[in-house]
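Shown below: structure.tsv, with TSV, C-alpha atoms and all ligand atoms.
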chain	number	residue	atom	x	y	z
B	1	MET	CA	25.81	-1.23	-5.55
B	2	VAL	CA	22.12	-0.76	-6.21
B	3	VAL	CA	20.09	-3.90	-6.69
B	4	LYS	CA	16.94	-3.33	-8.65
B	5	ASP	CA	13.98	-5.61	-9.17
B	6	LYS	CA	11.86	-4.64	-12.15
B	7	ASP	CA	8.50	-4.80	-10.38
B	8	GLN	CA	9.45	-4.11	-6.81
B	9	THR	CA	7.09	-2.86	-4.13
B	10	LEU	CA	9.34	-3.18	-1.15
B	11	LEU	CA	7.67	-1.18	1.52
B	12	PRO	CA	4.52	-2.28	3.33
B	13	GLN	CA	1.47	-0.77	1.74
B	14	ALA	CA	-1.50	0.71	3.55
B	15	LEU	CA	-3.82	-1.99	4.82
B	16	GLU	CA	-6.88	-0.66	3.04
B	17	GLN	CA	-7.96	-3.89	1.41
B	18	ARG	CA	-10.57	-5.91	3.26
B	19	ASN	CA	-12.38	-9.08	2.37
B	20	PRO	CA	-16.11	-8.38	2.81
B	21	GLY	CA	-16.93	-12.11	2.82
B	22	MET	CA	-20.01	-13.72	1.34
B	23	ALA	CA	-22.78	-16.18	2.23
B	24	LEU	CA	-21.63	-19.74	2.91
B	25	ASP	CA	-21.75	-21.65	-0.40
B	26	LEU	CA	-21.90	-25.31	0.64
B	27	ASP	CA	-21.93	-26.57	-2.96
B	28	TRP	CA	-18.64	-24.83	-3.63
B	29	VAL	CA	-17.13	-26.19	-0.39
B	30	GLY	CA	-18.41	-29.71	-1.15
B	31	ALA	CA	-16.84	-29.67	-4.60
B	32	ALA	CA	-13.37	-28.67	-3.33
B	33	GLN	CA	-10.72	-31.22	-4.27
B	34	ALA	CA	-7.01	-31.70	-3.62
B	35	ASN	CA	-5.17	-34.39	-5.54
B	36	ARG	CA	-2.33	-35.24	-3.18
B	37	SER	CA	0.04	-36.88	-5.66
B	38	ALA	CA	-0.38	-34.08	-8.24
B	39	ILE	CA	0.12	-31.47	-5.50
B	40	GLU	CA	3.23	-33.23	-4.20
B	41	ARG	CA	4.69	-33.54	-7.70
B	42	ARG	CA	4.21	-29.83	-8.32
B	43	ALA	CA	5.60	-28.92	-4.87
B	44	ALA	CA	8.73	-30.97	-5.55
B	45	THR	CA	9.54	-28.79	-8.59
B	46	LEU	CA	9.43	-25.56	-6.60
B	47	PRO	CA	12.79	-25.33	-4.77
B	48	GLY	CA	15.33	-23.61	-7.00
B	49	ARG	CA	12.78	-22.20	-9.47
B	50	ARG	CA	14.05	-19.57	-11.89
B	51	SER	CA	10.95	-17.40	-11.56
B	52	VAL	CA	12.76	-15.66	-8.70
B	53	LYS	CA	15.80	-14.72	-10.74
B	54	LYS	CA	19.24	-15.24	-9.26
B	55	GLU	CA	20.62	-11.90	-10.46
B	56	TYR	CA	17.90	-10.12	-8.48
B	57	GLN	CA	18.27	-12.36	-5.44
B	58	ALA	CA	19.21	-9.58	-3.01
B	59	ALA	CA	16.14	-7.60	-4.06
B	60	TRP	CA	13.97	-10.69	-3.59
B	61	LEU	CA	15.44	-11.24	-0.14
B	62	CYS	CA	14.67	-7.62	0.75
B	63	ARG	CA	11.14	-8.19	-0.44
B	64	ALA	CA	10.96	-11.27	1.78
B	65	VAL	CA	12.05	-9.11	4.72
B	66	SER	CA	9.26	-6.62	4.01
B	67	CYS	CA	6.79	-9.53	4.18
B	68	ILE	CA	7.91	-10.98	7.53
B	69	ASP	CA	5.60	-10.94	10.53
B	70	LEU	CA	8.49	-10.85	12.97
B	71	THR	CA	7.27	-13.10	15.71
B	72	THR	CA	7.82	-13.95	19.32
B	73	LEU	CA	5.27	-16.31	20.84
B	74	ALA	CA	6.93	-17.83	23.88
B	75	GLY	CA	5.83	-18.34	27.44
B	76	ASP	CA	8.88	-16.41	28.64
B	77	ASP	CA	8.28	-13.32	26.48
B	78	THR	CA	9.02	-10.07	28.29
B	79	ALA	CA	8.56	-6.39	27.45
B	80	GLY	CA	12.34	-6.19	26.99
B	81	ARG	CA	12.37	-8.99	24.42
B	82	VAL	CA	9.48	-7.37	22.57
B	83	ARG	CA	11.29	-4.00	22.53
B	84	ARG	CA	14.37	-5.66	21.03
B	85	LEU	CA	12.17	-7.35	18.45
B	86	ALA	CA	10.54	-4.01	17.60
B	87	ALA	CA	13.96	-2.42	17.14
B	88	LYS	CA	14.82	-5.24	14.74
B	89	ALA	CA	11.51	-4.70	12.95
B	90	ARG	CA	12.38	-1.03	12.35
B	91	GLN	CA	15.91	-1.84	11.17
B	92	PRO	CA	15.75	-5.48	10.06
B	93	VAL	CA	19.04	-5.46	8.17
B	94	ARG	CA	22.30	-3.68	9.10
B	95	ALA	CA	22.39	-0.14	7.72
B	96	ASP	CA	25.69	-0.62	5.87
B	97	ILE	CA	24.28	-3.64	4.04
B	98	LEU	CA	21.12	-1.74	3.07
B	99	ASP	CA	23.21	1.25	1.96
B	100	ALA	CA	25.25	-1.00	-0.29
B	101	LEU	CA	22.04	-2.43	-1.75
B	102	GLY	CA	20.31	0.95	-2.09
B	103	MET	CA	17.43	-0.34	0.04
B	104	GLN	CA	17.14	2.23	2.82
B	105	GLY	CA	13.83	2.40	4.66
B	106	LEU	CA	13.23	-1.34	4.63
B	107	THR	CA	11.11	-2.64	7.53
B	108	VAL	CA	9.31	-5.90	8.24
B	109	GLY	CA	5.58	-6.35	7.58
B	110	ALA	CA	4.45	-6.54	11.22
B	111	VAL	CA	5.46	-7.63	14.69
B	112	CYS	CA	3.44	-10.60	15.96
B	113	VAL	CA	2.98	-11.20	19.69
B	114	TYR	CA	0.66	-12.60	22.34
B	115	HIS	CA	-2.04	-10.32	23.76
B	116	ASP	CA	-0.10	-9.33	26.87
B	117	MET	CA	2.82	-8.11	24.75
B	118	ILE	CA	0.74	-5.75	22.57
B	119	ALA	CA	1.29	-2.68	24.76
B	120	PRO	CA	5.10	-2.80	24.76
B	121	ALA	CA	5.08	-3.63	21.04
B	122	VAL	CA	2.81	-0.69	20.19
B	123	ALA	CA	4.91	1.67	22.33
B	124	ALA	CA	8.16	0.50	20.78
B	125	LEU	CA	6.83	0.80	17.22
B	126	GLU	CA	5.25	4.22	17.66
B	127	GLY	CA	5.72	6.43	14.62
B	128	SER	CA	6.98	3.57	12.45
B	129	ASN	CA	3.79	2.49	10.63
B	130	ILE	CA	4.68	-1.13	11.42
B	131	PRO	CA	1.48	-2.78	12.65
B	132	VAL	CA	1.28	-5.02	15.68
B	133	ALA	CA	-0.37	-8.37	15.00
B	134	ALA	CA	-1.74	-10.26	18.00
B	135	VAL	CA	-2.54	-13.95	18.25
B	136	SER	CA	-5.91	-14.14	19.98
B	137	THR	CA	-8.78	-16.63	20.48
B	138	GLY	CA	-6.96	-18.89	22.92
B	139	PHE	CA	-3.90	-19.39	20.69
B	140	PRO	CA	-2.62	-21.97	19.87
B	141	ALA	CA	-5.32	-24.61	20.56
B	142	GLY	CA	-8.36	-22.31	20.38
B	143	LEU	CA	-10.20	-24.34	22.99
B	144	SER	CA	-11.11	-21.69	25.55
B	145	PRO	CA	-14.80	-20.71	25.94
B	146	PHE	CA	-16.11	-19.08	22.79
B	147	HIS	CA	-17.18	-15.82	24.48
B	148	LEU	CA	-13.69	-15.45	25.96
B	149	ARG	CA	-12.11	-15.94	22.53
B	150	VAL	CA	-14.30	-13.18	21.11
B	151	GLN	CA	-13.53	-10.98	24.11
B	152	GLU	CA	-9.81	-11.59	23.66
B	153	ILE	CA	-10.04	-10.24	20.11
B	154	GLU	CA	-11.87	-7.14	21.33
B	155	GLU	CA	-9.28	-6.58	24.06
B	156	SER	CA	-6.43	-7.02	21.60
B	157	VAL	CA	-7.93	-4.47	19.20
B	158	LYS	CA	-8.46	-2.07	22.10
B	159	ALA	CA	-4.82	-2.52	23.13
B	160	GLY	CA	-3.68	-1.39	19.68
B	161	ALA	CA	-3.33	-4.51	17.55
B	162	ARG	CA	-4.08	-3.65	13.91
B	163	GLU	CA	-4.01	-7.28	12.83
B	164	ILE	CA	-5.48	-10.26	14.63
B	165	ASP	CA	-4.36	-13.83	13.99
B	166	ILE	CA	-7.22	-16.08	15.09
B	167	VAL	CA	-7.14	-19.88	15.39
B	168	ILE	CA	-10.06	-21.87	14.05
B	169	SER	CA	-11.69	-24.77	15.90
B	170	ARG	CA	-10.12	-27.76	14.20
B	171	ARG	CA	-13.00	-29.99	15.29
B	172	HIS	CA	-15.41	-28.13	12.99
B	173	VAL	CA	-13.21	-29.17	10.05
B	174	LEU	CA	-12.64	-32.71	11.29
B	175	THR	CA	-16.40	-33.24	11.67
B	176	GLY	CA	-17.24	-31.45	8.41
B	177	ASP	CA	-19.37	-28.87	10.23
B	178	TRP	CA	-18.77	-26.06	7.72
B	179	GLN	CA	-21.67	-23.99	9.01
B	180	ALA	CA	-20.11	-23.94	12.52
B	181	LEU	CA	-16.73	-22.96	11.09
B	182	TYR	CA	-18.32	-20.21	9.01
B	183	ASP	CA	-20.33	-18.86	11.97
B	184	GLU	CA	-17.26	-18.89	14.23
B	185	MET	CA	-15.12	-17.09	11.67
B	186	ARG	CA	-17.91	-14.59	11.01
B	187	GLU	CA	-18.05	-13.69	14.72
B	188	PHE	CA	-14.29	-13.38	14.94
B	189	ARG	CA	-14.32	-11.14	11.87
B	190	ALA	CA	-16.97	-8.90	13.43
B	191	ALA	CA	-15.05	-8.66	16.72
B	192	CYS	CA	-11.96	-7.49	14.83
B	193	GLY	CA	-13.70	-4.29	13.70
B	194	GLU	CA	-11.20	-2.29	11.64
B	195	ALA	CA	-8.34	-4.69	12.32
B	196	HIS	CA	-7.30	-7.16	9.64
B	197	VAL	CA	-7.99	-10.78	10.45
B	198	LYS	CA	-5.79	-13.74	9.58
B	199	ALA	CA	-7.36	-17.18	9.97
B	200	ILE	CA	-4.91	-19.80	11.22
B	201	LEU	CA	-6.05	-23.19	9.95
B	202	ALA	CA	-3.47	-25.28	11.85
B	203	THR	CA	-3.19	-27.41	8.71
B	204	GLY	CA	-1.03	-30.04	10.41
B	205	GLU	CA	-4.11	-30.99	12.44
B	206	LEU	CA	-6.72	-31.02	9.65
B	207	GLY	CA	-6.10	-34.58	8.45
B	208	THR	CA	-6.32	-34.18	4.66
B	209	LEU	CA	-5.40	-31.68	1.97
B	210	ARG	CA	-9.06	-31.71	0.93
B	211	ASN	CA	-9.99	-30.48	4.41
B	212	VAL	CA	-7.36	-27.75	4.04
B	213	ALA	CA	-8.97	-26.66	0.74
B	214	LYS	CA	-12.47	-26.62	2.24
B	215	ALA	CA	-11.46	-24.82	5.44
B	216	SER	CA	-9.61	-22.22	3.35
B	217	LEU	CA	-12.73	-21.52	1.30
B	218	VAL	CA	-15.04	-21.35	4.32
B	219	CYS	CA	-12.77	-18.92	6.16
B	220	MET	CA	-12.53	-16.67	3.10
B	221	MET	CA	-16.32	-16.79	2.63
B	222	ALA	CA	-16.64	-15.66	6.25
B	223	GLY	CA	-14.39	-12.65	5.65
B	224	ALA	CA	-10.82	-13.66	6.51
B	225	ASP	CA	-8.38	-11.10	5.07
B	226	PHE	CA	-5.56	-13.67	5.16
B	227	ILE	CA	-5.44	-17.42	5.55
B	228	LYS	CA	-2.46	-18.71	7.49
B	229	THR	CA	-1.13	-22.26	7.68
B	230	SER	CA	-0.11	-22.81	11.26
B	231	THR	CA	0.46	-21.54	14.75
B	232	GLY	CA	4.07	-22.73	14.69
B	233	LYS	CA	3.15	-25.03	17.61
B	234	GLU	CA	1.74	-28.00	15.66
B	235	SER	CA	4.05	-30.94	14.97
B	236	VAL	CA	3.76	-30.17	11.21
B	237	ASN	CA	3.63	-26.50	10.25
B	238	ALA	CA	3.97	-24.75	6.87
B	239	THR	CA	4.73	-27.09	3.96
B	240	LEU	CA	4.80	-26.54	0.20
B	241	PRO	CA	1.95	-29.00	-0.58
B	242	VAL	CA	-0.33	-27.34	1.96
B	243	SER	CA	0.69	-23.94	0.62
B	244	LEU	CA	-0.22	-24.96	-2.93
B	245	VAL	CA	-3.67	-26.05	-1.80
B	246	MET	CA	-4.31	-22.83	0.14
B	247	ILE	CA	-2.93	-20.61	-2.60
B	248	ARG	CA	-5.12	-22.29	-5.20
B	249	ALA	CA	-8.13	-21.78	-2.94
B	250	ILE	CA	-7.19	-18.08	-2.79
B	251	ARG	CA	-6.92	-18.03	-6.59
B	252	ASP	CA	-10.35	-19.68	-6.97
B	253	TYR	CA	-11.88	-17.27	-4.49
B	254	HIS	CA	-10.43	-14.33	-6.38
B	255	THR	CA	-11.64	-15.69	-9.73
B	256	ARG	CA	-15.16	-16.16	-8.37
B	257	THR	CA	-15.51	-13.00	-6.24
B	258	GLY	CA	-12.84	-10.56	-7.45
B	259	VAL	CA	-11.56	-10.30	-3.86
B	260	LYS	CA	-7.87	-10.77	-3.09
B	261	VAL	CA	-7.23	-12.67	0.15
B	262	GLY	CA	-3.69	-12.77	1.54
B	263	TYR	CA	-1.56	-15.80	2.39
B	264	LYS	CA	0.69	-16.38	5.40
B	265	PRO	CA	2.79	-19.53	5.68
B	266	ALA	CA	4.02	-19.84	9.26
B	267	GLY	CA	6.06	-22.13	11.42
B	268	GLY	CA	9.46	-23.62	10.71
B	269	ILE	CA	10.46	-21.24	7.89
B	270	SER	CA	13.97	-20.21	8.88
B	271	LYS	CA	16.15	-20.29	5.75
B	272	ALA	CA	16.54	-17.58	3.10
B	273	LYS	CA	16.38	-20.16	0.32
B	274	ASP	CA	13.02	-21.40	1.63
B	275	ALA	CA	11.73	-17.83	1.61
B	276	LEU	CA	12.73	-17.56	-2.07
B	277	THR	CA	10.89	-20.79	-2.82
B	278	TYR	CA	7.72	-19.37	-1.27
B	279	LEU	CA	8.06	-16.15	-3.24
B	280	ALA	CA	8.46	-18.17	-6.45
B	281	LEU	CA	5.36	-20.15	-5.55
B	282	ILE	CA	3.32	-16.98	-4.99
B	283	LYS	CA	4.62	-15.39	-8.18
B	284	GLU	CA	3.77	-18.44	-10.28
B	285	GLU	CA	0.39	-19.29	-8.77
B	286	LEU	CA	-1.05	-15.88	-7.84
B	287	GLY	CA	1.03	-13.35	-9.74
B	288	ASP	CA	2.92	-10.21	-8.82
B	289	ALA	CA	-0.07	-8.53	-7.15
B	290	TRP	CA	0.35	-10.88	-4.18
B	291	LEU	CA	4.07	-10.21	-3.77
B	292	SER	CA	3.68	-7.43	-1.25
B	293	PRO	CA	3.09	-7.24	2.49
B	294	HIS	CA	-0.59	-6.43	2.19
B	295	LEU	CA	-1.21	-9.83	0.57
B	296	PHE	CA	1.70	-12.00	1.66
B	297	ARG	CA	3.48	-12.56	4.97
B	298	PHE	CA	5.86	-15.06	6.46
B	299	GLY	CA	5.10	-15.93	10.07
B	300	ALA	CA	8.61	-16.47	11.32
B	301	SER	CA	10.73	-16.00	14.42
B	302	SER	CA	14.15	-16.87	12.99
B	303	LEU	CA	14.02	-16.32	9.20
B	304	LEU	CA	15.31	-12.75	9.35
B	305	GLY	CA	18.71	-13.75	10.75
B	306	ASP	CA	19.48	-16.04	7.82
B	307	ILE	CA	18.28	-13.48	5.26
B	308	GLU	CA	20.50	-10.83	6.82
B	309	ARG	CA	23.48	-13.18	6.62
B	310	GLN	CA	22.79	-13.92	2.96
B	311	LEU	CA	22.49	-10.21	2.19
B	312	GLU	CA	25.76	-9.55	3.96
B	313	HIS	CA	27.36	-12.26	1.87
B	314	HIS	CA	25.88	-10.72	-1.27
B	315	VAL	CA	27.38	-7.33	-0.43
B	316	THR	CA	30.76	-8.33	1.00
B	317	GLY	CA	31.34	-11.69	-0.68
B	318	ARG	CA	31.84	-13.32	2.69
B	319	TYR	CA	29.95	-14.36	5.81
B	320	SER	CA	30.75	-12.72	9.11
B	321	ALA	CA	32.76	-14.66	11.68
B	322	SER	CA	29.66	-15.33	13.79
B	323	TYR	CA	27.87	-16.85	10.81
B	324	ARG	CA	30.84	-19.04	9.86
B	325	HIS	CA	30.86	-20.23	13.42
B	326	ALA	CA	27.10	-20.90	13.44
B	327	ALA	CA	27.32	-22.73	10.11
B	328	GLY	CA	30.06	-24.97	11.54
B	401	LIG	O1	3.14	-17.39	13.41
B	401	LIG	C1	4.32	-17.60	13.51
B	401	LIG	C2	4.94	-18.80	14.04
B	401	LIG	O2	4.55	-19.06	15.35
B	401	LIG	C3	6.43	-18.70	13.95
B	401	LIG	O3	6.96	-19.99	13.95
B	401	LIG	P1	8.57	-20.21	14.01
B	401	LIG	O4	8.97	-19.82	15.40
B	401	LIG	O5	8.72	-21.66	13.72
B	401	LIG	O6	9.21	-19.34	12.98
Please, can you express the file's structure as structure tokens?
Amino acid sequence: MVVKDKDQTLLPQALEQRNPGMALDLDWVGAAQANRSAIERRAATLPGRRSVKKEYQAAWLCRAVSCIDLTTLAGDDTAGRVRRLAAKARQPVRADILDALGMQGLTVGAVCVYHDMIAPAVAALEGSNIPVAAVSTGFPAGLSPFHLRVQEIEESVKAGAREIDIVISRRHVLTGDWQALYDEMREFRAACGEAHVKAILATGELGTLRNVAKASLVCMMAGADFIKTSTGKESVNATLPVSLVMIRAIRDYHTRTGVKVGYKPAGGISKAKDALTYLALIKEELGDAWLSPHLFRFGASSLLGDIERQLEHHVTGRYSASYRHAAG
């Protein structure tokens, strides 16, 4: 069976798009609003939306796979674990399932690791065109000395990371010091050189949705190629209300500057149906242009397993024994 999606772009595209950034516009930042109750009402309508059509669900799930930053960020990471992750990144879904769907050649968007795991990841992904993304700048808290955070970026780029996920200093947001946030992001951007930079806002620690909107704008003004919700280590990670606020900031930035900045929800996204909700959100708020790996990623360590199980179910009409067991 071949599953077709009318406007599909399933394979990762070349990462040629960069956000050049702009001068800090404090008036724009000051005017940013986020009406919590309206945002929450809208977010509540998202699960189960028809904009991601059920008859094309397998194709949408494959698209979700192509947008995953397959992640391992644990203190006990080893080269062996990273090699296994890289193998999964190259072949994220069982070949017989992909054959049945007519989706050969599917890979994930990137593999995301700590600095020390870049070398084994790069070696294991050689020849695949799957980029390695590294979390740098003293991830997850971002509280190491500034010059060491900049140096960490430079080292990560030198080691072969083509994407750098930086963490912002939350205190700059919490104290409303937008100039400091802009300057920090600007320096991180410069240190990344040719590598793409994703700015992790750690939204669960920013206090208000309004702060999330402002921090999103400032990071984009300073040249972030992506804005990302969370490290996955905060007590609250990616949520739909926060995503709406960030996505609307991306939309405003695009309207005002013509520049498309990417979006990466991360942390706690582990179910295929949640992935579909996020894709519906992107489709409705930003449009089809954002539904590809160069403008949208999931930061996720365990989402792929559930998507693979759903695809298997789609193809065979049943879940494998291991899944039935896991589902109780
Ligand atoms: O950036 C990615 C996150 O750290 C992954 O979080 P997760 O392990 O909850 O999927």
Near Gly21 of chain B, within 10 Å and counting all atoms listed in the file, which residues show up once chain neighbours fewer than 3 positions away are dropped, as a PyMOL selection string?
-> chain B and resi 18+24+186+189+218-225+257+259
Could you give me the residues within 9 Å of ligand LIG 401 (chain B), counting all atoms listed in the file, as a ChimeraX atom specification?
-> /B:69-74,112-113,135,140,165,200,228-233,237-238,264-270,298-303
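Coordinates place atom CA of Gly160 of chain B at a distance of 11.3 Å from atom CA of Asp116 of chain B.
Interatomic distance, atom CA of Gly127 of chain B against atom CA of Ala59 of chain B: 25.6 Å.
Between Arg256 of chain B and the residues B:Leu217, B:Arg149, B:Phe139, B:Arg171, the shortest atom-to-atom distance, using all atoms listed in the file, involves B:Leu217.
Using only C-alpha atoms, the smallest distance between any of B:Leu85, B:Leu125, B:Leu240, B:Val167 and Thr277 of chain B comes from B:Leu240.
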